[in-house]
>>> print(open('entry05.cif').read())   # mmCIF, C-alpha atoms
data_model
loop_
_atom_site.label_atom_id
_atom_site.label_comp_id
_atom_site.auth_asym_id
_atom_site.auth_seq_id
_atom_site.Cartn_x
_atom_site.Cartn_y
_atom_site.Cartn_z
CA MET P 3 -1.20 13.14 14.17
CA ARG P 4 -1.35 9.35 14.06
CA SER P 5 -1.39 6.61 11.46
CA ALA P 6 -1.71 2.84 11.73
CA LEU P 7 -2.33 -0.43 9.98
CA THR P 8 -4.73 -2.64 11.88
CA ASP P 9 -6.49 -6.00 11.71
CA ARG P 10 -9.41 -4.61 13.72
CA VAL P 11 -12.71 -3.19 12.44
CA LEU P 12 -12.32 0.54 11.76
CA ASP P 13 -14.41 3.02 13.73
CA PRO P 14 -14.88 6.33 11.84
CA ALA P 15 -16.66 7.95 14.80
CA ALA P 16 -13.69 7.24 17.08
CA LEU P 17 -11.29 8.81 14.60
CA LEU P 18 -13.52 11.86 14.26
CA ALA P 19 -13.54 12.24 18.05
CA GLU P 20 -9.75 11.90 18.09
CA VAL P 21 -9.20 14.92 15.80
CA SER P 22 -11.94 17.11 17.23
CA ALA P 23 -10.78 20.19 19.13
CA SER P 24 -12.25 23.58 19.91
CA ARG P 25 -9.67 25.31 17.68
CA ASN P 26 -11.10 23.53 14.63
CA GLY P 27 -14.09 24.85 12.68
CA ALA P 28 -14.18 21.94 10.25
CA ALA P 29 -13.76 18.18 10.39
CA ILE P 30 -13.72 15.69 7.51
CA VAL P 31 -13.96 11.90 7.71
CA PHE P 32 -13.14 9.96 4.55
CA VAL P 33 -14.17 6.30 4.58
CA GLY P 34 -13.04 3.90 1.87
CA ALA P 35 -15.10 0.71 1.74
CA VAL P 36 -15.29 -2.59 -0.12
CA ARG P 37 -17.55 -2.13 -3.16
CA GLU P 38 -19.86 -4.89 -4.37
CA VAL P 39 -18.87 -4.57 -8.03
CA ASN P 40 -15.46 -3.90 -9.57
CA ASP P 41 -14.82 -3.77 -13.29
CA GLY P 42 -18.21 -5.38 -13.94
CA ARG P 43 -17.59 -8.38 -11.66
CA ASP P 44 -19.53 -9.21 -8.51
CA VAL P 45 -17.19 -8.90 -5.52
CA THR P 46 -17.89 -10.82 -2.31
CA GLY P 47 -14.86 -9.71 -0.27
CA ILE P 48 -11.25 -8.52 -0.37
CA ASP P 49 -8.03 -9.69 1.27
CA TYR P 50 -5.76 -6.76 2.15
CA LYS P 51 -2.05 -7.57 2.55
CA ALA P 52 0.84 -5.22 3.25
CA TYR P 53 4.59 -4.97 3.43
CA SER P 54 3.82 -3.95 6.96
CA ALA P 55 7.01 -2.22 8.09
CA MET P 56 7.31 -0.13 4.94
CA ALA P 57 3.57 0.56 4.74
CA GLU P 58 3.57 1.90 8.30
CA ARG P 59 6.61 4.06 7.56
CA GLU P 60 5.15 5.38 4.29
CA LEU P 61 1.75 6.09 5.85
CA ALA P 62 3.42 7.98 8.69
CA ALA P 63 5.45 9.99 6.15
CA ILE P 64 2.31 10.92 4.17
CA THR P 65 0.53 11.96 7.36
CA ALA P 66 3.48 14.13 8.38
CA GLU P 67 3.54 15.71 4.91
CA ALA P 68 -0.14 16.59 5.19
CA VAL P 69 0.42 18.10 8.63
CA GLU P 70 3.19 20.26 7.18
CA ARG P 71 1.38 21.25 3.97
CA PHE P 72 -2.05 22.03 5.36
CA GLY P 73 -1.24 23.40 8.77
CA THR P 74 -3.01 21.10 11.16
CA SER P 75 -1.72 18.31 13.39
CA ASP P 76 -5.25 16.92 13.76
CA ILE P 77 -4.93 14.13 11.19
CA VAL P 78 -5.52 10.44 11.95
CA VAL P 79 -5.33 7.64 9.37
CA GLU P 80 -6.05 3.93 9.79
CA HIS P 81 -5.84 1.24 7.10
CA ARG P 82 -7.37 -2.18 7.69
CA LEU P 83 -5.66 -5.44 6.75
CA GLY P 84 -7.03 -8.97 6.51
CA THR P 85 -10.21 -10.26 4.90
CA LEU P 86 -13.06 -7.74 4.58
CA ALA P 87 -16.66 -8.25 3.49
CA VAL P 88 -18.53 -5.98 1.08
CA GLY P 89 -19.43 -2.72 2.81
CA GLU P 90 -16.68 -2.88 5.42
CA ALA P 91 -14.35 0.11 5.77
CA SER P 92 -10.82 -0.47 4.47
CA VAL P 93 -9.44 2.99 5.23
CA VAL P 94 -10.52 5.93 7.40
CA ILE P 95 -8.94 9.38 7.27
CA ALA P 96 -10.06 12.01 9.79
CA VAL P 97 -8.87 15.60 9.47
CA ALA P 98 -9.82 18.65 11.51
CA HIS P 99 -8.69 22.19 10.78
CA PRO P 100 -9.78 25.70 11.68
CA HIS P 101 -11.09 26.05 8.07
CA ARG P 102 -12.92 23.68 5.74
CA ALA P 103 -10.87 24.14 2.56
CA GLN P 104 -7.66 22.91 4.17
CA ALA P 105 -9.52 20.05 5.89
CA PHE P 106 -10.89 18.79 2.55
CA ASP P 107 -7.53 19.27 0.83
CA ALA P 108 -5.60 17.43 3.53
CA ALA P 109 -7.96 14.44 3.46
CA ARG P 110 -7.72 14.32 -0.34
CA TYR P 111 -3.94 14.53 -0.20
CA VAL P 112 -3.67 11.62 2.23
CA ILE P 113 -5.92 9.24 0.27
CA GLU P 114 -4.32 10.03 -3.10
CA GLU P 115 -0.77 9.62 -1.79
CA LEU P 116 -1.77 6.47 0.10
CA LYS P 117 -3.07 4.92 -3.12
CA ARG P 118 0.11 5.92 -4.94
CA ARG P 119 2.78 5.00 -2.40
CA VAL P 120 1.74 2.73 0.46
CA PRO P 121 2.65 -0.92 -0.23
CA VAL P 122 -0.73 -2.53 0.34
CA TRP P 123 -2.33 -5.01 -2.06
CA LYS P 124 -5.83 -6.37 -2.41
CA ARG P 125 -7.04 -9.70 -3.69
CA GLU P 126 -10.69 -9.61 -4.68
CA HIS P 127 -12.97 -12.58 -4.13
CA TYR P 128 -15.61 -12.92 -6.84
CA ALA P 129 -19.06 -14.46 -6.80
CA ASP P 130 -17.88 -17.21 -9.19
CA GLY P 131 -15.33 -18.41 -6.58
CA THR P 132 -12.19 -17.01 -8.21
CA ARG P 133 -9.74 -14.57 -6.58
CA GLU P 134 -7.42 -12.08 -8.24
CA TRP P 135 -4.85 -9.51 -7.13
CA VAL P 136 -5.99 -6.07 -8.25
CA ASP P 137 -3.62 -4.10 -10.45
CA PRO P 138 -4.77 -0.47 -10.60
CA THR P 139 -2.35 0.06 -13.48
CA GLY P 140 -3.98 -2.54 -15.71
CA ARG P 141 -5.71 -5.87 -15.75
CA PRO P 142 -5.78 -8.28 -12.78
CA GLN P 143 -2.44 -10.03 -12.44
CA GLN P 144 -2.93 -13.56 -11.26
CA VAL P 145 -5.75 -16.05 -10.93
CA VAL P 146 -5.73 -17.98 -7.66
CA SER P 147 -8.83 -20.13 -7.58
CA MET O 252 27.10 -11.28 -1.36
CA ASN O 253 23.94 -13.10 -0.40
CA LEU O 254 20.79 -11.06 -0.38
CA LYS O 255 17.27 -11.91 0.69
CA VAL O 256 14.61 -10.42 -1.57
CA LEU O 257 11.05 -10.09 -0.32
CA LEU O 258 8.13 -10.73 -2.69
CA PHE O 259 4.49 -9.83 -2.25
CA ALA O 260 1.04 -10.46 -3.67
CA SER O 261 1.06 -11.42 -7.37
CA TYR O 262 4.87 -11.54 -7.48
CA ALA O 263 4.99 -13.98 -4.56
CA ASP O 264 2.41 -16.13 -6.35
CA ALA O 265 4.40 -16.00 -9.60
CA LEU O 266 7.61 -17.24 -7.94
CA GLY O 267 5.84 -19.52 -5.48
CA SER O 268 7.51 -17.91 -2.45
CA ASP O 269 7.41 -14.73 -0.40
CA ALA O 270 11.21 -14.47 -0.26
CA VAL O 271 14.15 -15.65 -2.34
CA ALA O 272 17.89 -15.70 -1.64
CA LEU O 273 20.10 -14.29 -4.41
CA ASN O 274 23.86 -14.36 -4.76
CA LEU O 275 25.08 -11.09 -6.29
CA GLY O 276 28.53 -9.65 -6.94
CA GLU O 277 29.91 -6.83 -4.81
CA GLY O 278 28.65 -3.46 -6.06
CA ALA O 279 25.54 -5.00 -7.62
CA THR O 280 22.73 -2.54 -8.31
CA VAL O 281 18.96 -2.86 -8.12
CA ARG O 282 19.03 -3.43 -11.90
CA ASP O 283 21.51 -6.32 -11.46
CA MET O 284 19.32 -7.81 -8.74
CA LEU O 285 16.29 -7.72 -11.04
CA GLY O 286 18.29 -9.41 -13.80
CA THR O 287 19.23 -12.26 -11.47
CA LEU O 288 15.72 -12.49 -10.07
CA ARG O 289 14.31 -12.76 -13.59
CA SER O 290 16.27 -15.98 -14.19
CA LEU O 291 14.29 -17.79 -11.49
CA PRO O 292 11.36 -20.09 -12.38
CA GLY O 293 8.12 -18.10 -12.66
CA ALA O 294 9.83 -14.70 -12.75
CA ALA O 295 9.37 -14.22 -16.48
CA SER O 296 5.85 -12.87 -15.82
CA LEU O 297 7.21 -9.93 -13.81
CA PRO O 298 7.03 -6.56 -15.59
CA PRO O 299 10.21 -5.14 -17.16
CA SER O 300 10.83 -2.56 -14.40
CA PRO O 301 8.98 -3.41 -11.19
CA LEU O 302 9.18 -1.06 -8.22
CA VAL O 303 11.90 -1.97 -5.74
CA ALA O 304 12.34 -0.87 -2.15
CA VAL O 305 15.64 -1.02 -0.26
CA ASN O 306 15.43 -0.78 3.52
CA GLU O 307 11.77 0.30 3.24
CA HIS O 308 12.42 3.17 0.80
CA TYR O 309 11.66 3.15 -2.93
CA ALA O 310 14.92 2.80 -4.84
CA GLY O 311 16.12 3.61 -8.35
CA ALA O 312 17.61 1.03 -10.73
CA ASP O 313 21.15 2.37 -10.21
CA GLN O 314 21.14 2.13 -6.42
CA VAL O 315 24.01 -0.02 -5.17
CA LEU O 316 23.05 -2.86 -2.84
CA ARG O 317 24.99 -3.89 0.24
CA ALA O 318 25.05 -7.10 2.23
CA GLY O 319 22.31 -6.98 4.83
CA ASP O 320 20.01 -4.65 2.87
CA GLU O 321 16.34 -5.52 3.05
CA VAL O 322 15.27 -5.61 -0.59
CA ALA O 323 11.63 -5.91 -1.68
CA VAL O 324 10.07 -6.12 -5.13
CA ILE O 325 6.82 -4.20 -5.00
CA PRO O 326 3.81 -5.04 -7.21
CA PRO O 327 1.50 -2.17 -8.23
CA VAL O 328 0.08 -0.96 -4.94
CA ALA O 329 -3.69 -1.10 -4.41
CA GLY O 330 -4.44 0.29 -0.97
CA GLY O 331 -7.47 2.27 0.09
#
>>> encode(input="entry05.cif", output="structure tokens")
Amino acid sequence: MRSALTDRVLDPAALLAEVSASRNGAAIVFVGAVREVNDGRDVTGIDYKAYSAMAERELAAITAEAVERFGTSDIVVEHRLGTLAVGEASVVIAVAHPHRAQAFDAARYVIEELKRRVPVWKREHYADGTREWVDPTGRPQQVVS
Amino acid sequence: MNLKVLLFASYADALGSDAVALNLGEGATVRDMLGTLRSLPGAASLPPSPLVAVNEHYAGADQVLRAGDEVAVIPPVAGG
């Protein structure tokens, strides 16, 4: 079990290797990446910012919850911070488990709770030169050109 | 008591700073802190009940604050 925020490029293959073990019959790697279009606007990149101390604590708590709920300690989560280009991975979740159902469920649990609880924010850069903080609960919040 | 309140993302932009110092009475709650925060320039654009964390844990409006607490006002999170 491990979780981290990092400024470095994420490596899904390394995380998969980290959770792999002969006791496990299934392994899942979820990769979240920067999409080229959001809400009909052309996106050229995203700044990810965090309340780092709390985000690390909350991400560790979610990982521990998943370990407890789904019965595997082979869970590794990394979230990237900084400025990312389209196509770059922003989050990687690797889970291995003796059985596939629990592996899928654990990966799903971690990403959904991460999106609900971990204090990370993203500011999208658009093709027209504007930037806006993304508010998943509604419209973008602030224009910073 | 003097309290430092951390601001992030759109809220930091709205108030023009990533931290503000507030002077609150003893026994002040999270709700009281938000009321004082709202009187600052730029804070009117904050939602009525933003999320608040105290010492890195989400806190309810009735939680009592103490000198030295690390208080943060948390915009809608958008990780992943």
>>> resolve_selection(input="entry05.cif", expression="the PyMOL selection byres ((chain O) within 9 of (chain P))", output="compact mmCIF listing (two decimals) with C-alpha atoms, in the frame of the given file")
# COMPACT_ATOMS: atom_id res chain seq x y z
CA PHE O 259 4.49 -9.83 -2.25
CA ALA O 260 1.04 -10.46 -3.67
CA SER O 261 1.06 -11.42 -7.37
CA TYR O 262 4.87 -11.54 -7.48
CA ASP O 264 2.41 -16.13 -6.35
CA ALA O 265 4.40 -16.00 -9.60
CA ALA O 304 12.34 -0.87 -2.15
CA ASN O 306 15.43 -0.78 3.52
CA GLU O 307 11.77 0.30 3.24
CA HIS O 308 12.42 3.17 0.80
CA ALA O 323 11.63 -5.91 -1.68
CA ILE O 325 6.82 -4.20 -5.00
CA PRO O 326 3.81 -5.04 -7.21
CA PRO O 327 1.50 -2.17 -8.23
CA VAL O 328 0.08 -0.96 -4.94
CA ALA O 329 -3.69 -1.10 -4.41
CA GLY O 330 -4.44 0.29 -0.97
CA GLY O 331 -7.47 2.27 0.09
>>> atom_distance(input="entry05.cif", atom1="CA of Glu67 (chain P)", atom2="CA of Glu115 (chain P)")
10.0 Å
>>> residues_around(input="entry05.cif", residues="Gly27 (chain P)", least_positions_apart="3", cutoff="12 Å", atoms="all atoms listed in the file", output="number ranges by chain")
P: 21-24, 30, 74, 76, 97-105
>>> closest_residue(input="entry05.cif", among="O:Ala270, O:Leu285, O:Val305, O:Leu257", to="Ala318 (chain O)", atoms="all atoms listed in the file")
O:Val305
>>> residues_around(input="entry05.cif", residues="Leu316 (chain O)", least_positions_apart="6", cutoff="9 Å", atoms="all atoms listed in the file", output="PyMOL selection string")
chain O and resi 254+277-281+284+305+322
>>> resolve_selection(input="entry05.cif", expression="the PyMOL selection byres ((chain P and resi 126-130) around 6)", output="JSON, numbers by chain")
{"P": [44, 45, 46, 47, 48, 125, 131, 132, 133, 134]}
>>> atom_distance(input="entry05.cif", atom1="CA of Phe72 (chain P)", atom2="CA of Glu90 (chain P)")
28.9 Å
>>> atom_distance(input="entry05.cif", atom1="CA of Gly311 (chain O)", atom2="CA of Val79 (chain P)")
28.1 Å
>>> axis_aligned_box(input="entry05.cif", around="region 47-57 of chain P", padding_each_side="4 Å", output="AutoDock Vina command-line options")
--center_x -3.8 --center_y -4.6 --center_z 3.9 --size_x 30.2 --size_y 18.3 --size_z 16.5
>>> residues_around(input="entry05.cif", residues="Ala295 (chain O)", least_positions_apart="5", cutoff="12 Å", atoms="all atoms listed in the file", output="VMD selection string")
chain O and resid 262 265 to 266 285 to 290 300
>>> closest_residue(input="entry05.cif", among="P:Ile77, P:Leu61, P:Arg110, P:Arg37", to="Leu17 (chain P)", atoms="all atoms listed in the file")
P:Ile77
>>> resolve_selection(input="entry05.cif", expression="the PyMOL selection byres ((chain P and resi 10) around 9)", output="MDAnalysis selection string")
chainID P and resid 8:9 11:12 82:84
>>> closest_residue(input="entry05.cif", among="O:Val271, O:Val315, O:Val303, O:Leu258", to="Leu291 (chain O)", atoms="all atoms listed in the file")
O:Val271
